[in-house]
Structure formats: structure tokens, C-alpha cells
Amino acid sequence: MMRPRAFLLLAMVALVAVAALAAAEWSGTAPPADGTSDWLVVTDTTVTGEEVSTSGDIRVMPGSQLTLLGASLLFTGDDDPSITVERGASLVMEDSTIPATDGTWYTFHVRGSATIAESDISGTMGGIQAHSDDLIIRGSHIHHGLGPGVELWGHDATISGCVIDNVDIGISSVAMNDDLEDSVALIDGWSVTLSDTTLSAKTYGMYLYWKK
């Protein structure tokens, strides 16, 4: 006969297991089961409380949105994988991580729109490359990457309440004219707004390249 204390312990373990399963949720396009093929996100996809490990590329296709809530993307292998948000696609990250792993660097291209909030990103090669319609990064930590933490190539971008450190350049911005006022760089009719952000880089905190 099972003792009451042992029964209570088993019940508590079962409750914790059920809670963990409830916290981890998927909807939309699941990543390939083999962990090596490219993950093409072709429908609105939400990942909550899960770790996704892959050595392939991640591409969010036009018309789709990838939402990461308390999730982690872990790149493995040595083939320089990438994350690409295509034009007409969007990425939303909240309280999520993309950590640096030994021997693996990845590229991060935003050609559509991206909102990155309260998240931790490391291990990028070339930083978050924003050839984007809209980029918002707030309350996030970007660190331990090769090159800039963020590279801005035009269109609207807002970076606020972030820490960018242990990178070669904090923010690199390619501009099309020489207007700079109140921390707003005008880039061919668009703007980049920077506020309440700490930049601690090996060379330049912010590097503006004026293209004539």
C-alpha cells in the first residue's frame, strides 16, 4: 500500500510535468525533425517555451510571421547557418534567446519587419543585418558577435533600452546623406532612433558610413 507522503510526492511530480508540457507550445510550421534541414516558415508560427536546435538555415517566408515567446534557438554545427526574415515576412521575439555556441557563428538578415523585445542574442556574424521595412529592438542584450552588433541599411529602425557589448562595433549605419540631429540619423528619407542604449564595443560604439 502506498504511503500518503509518497502518493503526495508522485502527485506533485506529475503536476510539474503537466505544467511544463502546458508551457511548451507550438502552432504553425514545425522545424524539420532531423535538426539539419532548413526550416522554412510558410505559415504564421508561434513557439512558446521551447528550445529549437538546428544546424540548418531558418527562413521566414513572405506572408508569414514567426513568433518566439520565451523560446530559444540554438544553432549547432560549423556550416555558418542563417536566419532570414524575407520581405513581406515578420519576426517577433519576446523574452527569447539565440545563444552563441562553440564553433558556430550565424548570420541574421531582416528584409521584412522584426520586433525584438527583452531578448538575448549572441554569436552573430555581421550582427543583425537590417535591410528592413521596420526594425524595433527594445530592452535586449546583443553581445559576443563578429563585426557590428546591429548593421542598419535603411528604412525605419528604433533601438531603445538595450545593451550592446563584446562586439567589434556597436551599431553600424549606412546613410545616404549627412543629416544627424537629436540621435536621429536620416537615411534616404527614413530614420534610425537610438535611446537609453549602452554601447560597449572594441572599436566604435556607433559607426556611420555616409554613402554619397
# chains A, B, ... in the order shown; residues from 1 in each chain; ligands from 1
$ residues_around --residues "Ser140 in chain A" --least-positions-apart "2" --cutoff "6 Å" --atoms "only C-alpha atoms" --output "VMD selection string"
chain A and resid 117 to 120 138 162
$ write_last_selection --atoms "C-alpha atoms" --output "PDB file, in the first residue's frame"
ATOM      1  CA  ALA A 117      11.979  42.670 -27.063  1.00  0.00           C
ATOM      2  CA  GLU A 118      13.587  41.625 -23.776  1.00  0.00           C
ATOM      3  CA  SER A 119      15.691  39.053 -25.606  1.00  0.00           C
ATOM      4  CA  ASP A 120      19.309  37.875 -25.647  1.00  0.00           C
ATOM      5  CA  ARG A 138      14.000  47.162 -27.103  1.00  0.00           C
ATOM      6  CA  CYS A 162      19.395  47.839 -24.967  1.00  0.00           C
TER       7      CYS A 162
END
$ closest_atom_pairs --of "range 94-145 of chain A" --to "range 47-64 of chain A" --cutoff "12 Å" --atoms "only C-alpha atoms" --output "CSV"
residue,atom,partner,partner_atom,distance
A:Glu94,CA,A:Thr48,CA,9.8
A:Asp95,CA,A:Gly49,CA,9.7
A:Ser96,CA,A:Gly49,CA,8.6
A:Thr97,CA,A:Glu51,CA,9.2
A:Ile98,CA,A:Glu51,CA,9.7
A:Pro99,CA,A:Ser53,CA,10.9
A:Thr101,CA,A:Ser53,CA,11.1
A:Gly103,CA,A:Ser55,CA,11.8
A:Thr104,CA,A:Ser55,CA,9.1
A:Trp105,CA,A:Ser55,CA,10.7
A:Tyr106,CA,A:Asp57,CA,9.0
A:Thr107,CA,A:Asp57,CA,9.4
A:Phe108,CA,A:Ile58,CA,9.5
A:His109,CA,A:Arg59,CA,9.5
A:Val110,CA,A:Val60,CA,9.6
A:Arg111,CA,A:Pro62,CA,10.0
A:Gly112,CA,A:Pro62,CA,8.2
A:Ser113,CA,A:Val60,CA,10.6
A:Ala114,CA,A:Val60,CA,10.9
$ residues_around --residues "Thr158 in chain A" --least-positions-apart "3" --cutoff "9 Å" --atoms "only C-alpha atoms" --output "JSON, numbers by chain"
{"A": [134, 135, 136, 137, 138, 191, 192, 193, 194, 195]}
$ write_last_selection --atoms "C-alpha atoms" --output "PDB file, in the first residue's frame"
ATOM      1  CA  ASP A 134      10.754  48.095 -39.855  1.00  0.00           C
ATOM      2  CA  LEU A 135      13.124  47.088 -37.081  1.00  0.00           C
ATOM      3  CA  ILE A 136      12.397  47.589 -33.375  1.00  0.00           C
ATOM      4  CA  ILE A 137      14.806  46.335 -30.713  1.00  0.00           C
ATOM      5  CA  ARG A 138      14.000  47.162 -27.103  1.00  0.00           C
ATOM      6  CA  SER A 191      15.126  57.363 -39.755  1.00  0.00           C
ATOM      7  CA  VAL A 192      17.051  55.475 -37.091  1.00  0.00           C
ATOM      8  CA  THR A 193      16.241  56.399 -33.484  1.00  0.00           C
ATOM      9  CA  LEU A 194      18.550  55.392 -30.627  1.00  0.00           C
ATOM     10  CA  SER A 195      17.726  55.926 -26.934  1.00  0.00           C
TER      11      SER A 195
END
$ residues_around --residues "Ser27 in chain A" --least-positions-apart "5" --cutoff "8 Å" --atoms "only C-alpha atoms" --output "JSON, numbers by chain"
{"A": [44, 45, 46, 47]}
$ closest_residue --among "A:Ala201, A:Val174, A:Ile116, A:Leu73" --to "Met93 in chain A" --atoms "only C-alpha atoms"
A:Ile116
$ residues_around --residues "Tyr204 in chain A" --least-positions-apart "6" --cutoff "8 Å" --atoms "only C-alpha atoms" --output "list in words"
Asp168, Ile169 and Gly170 of chain A
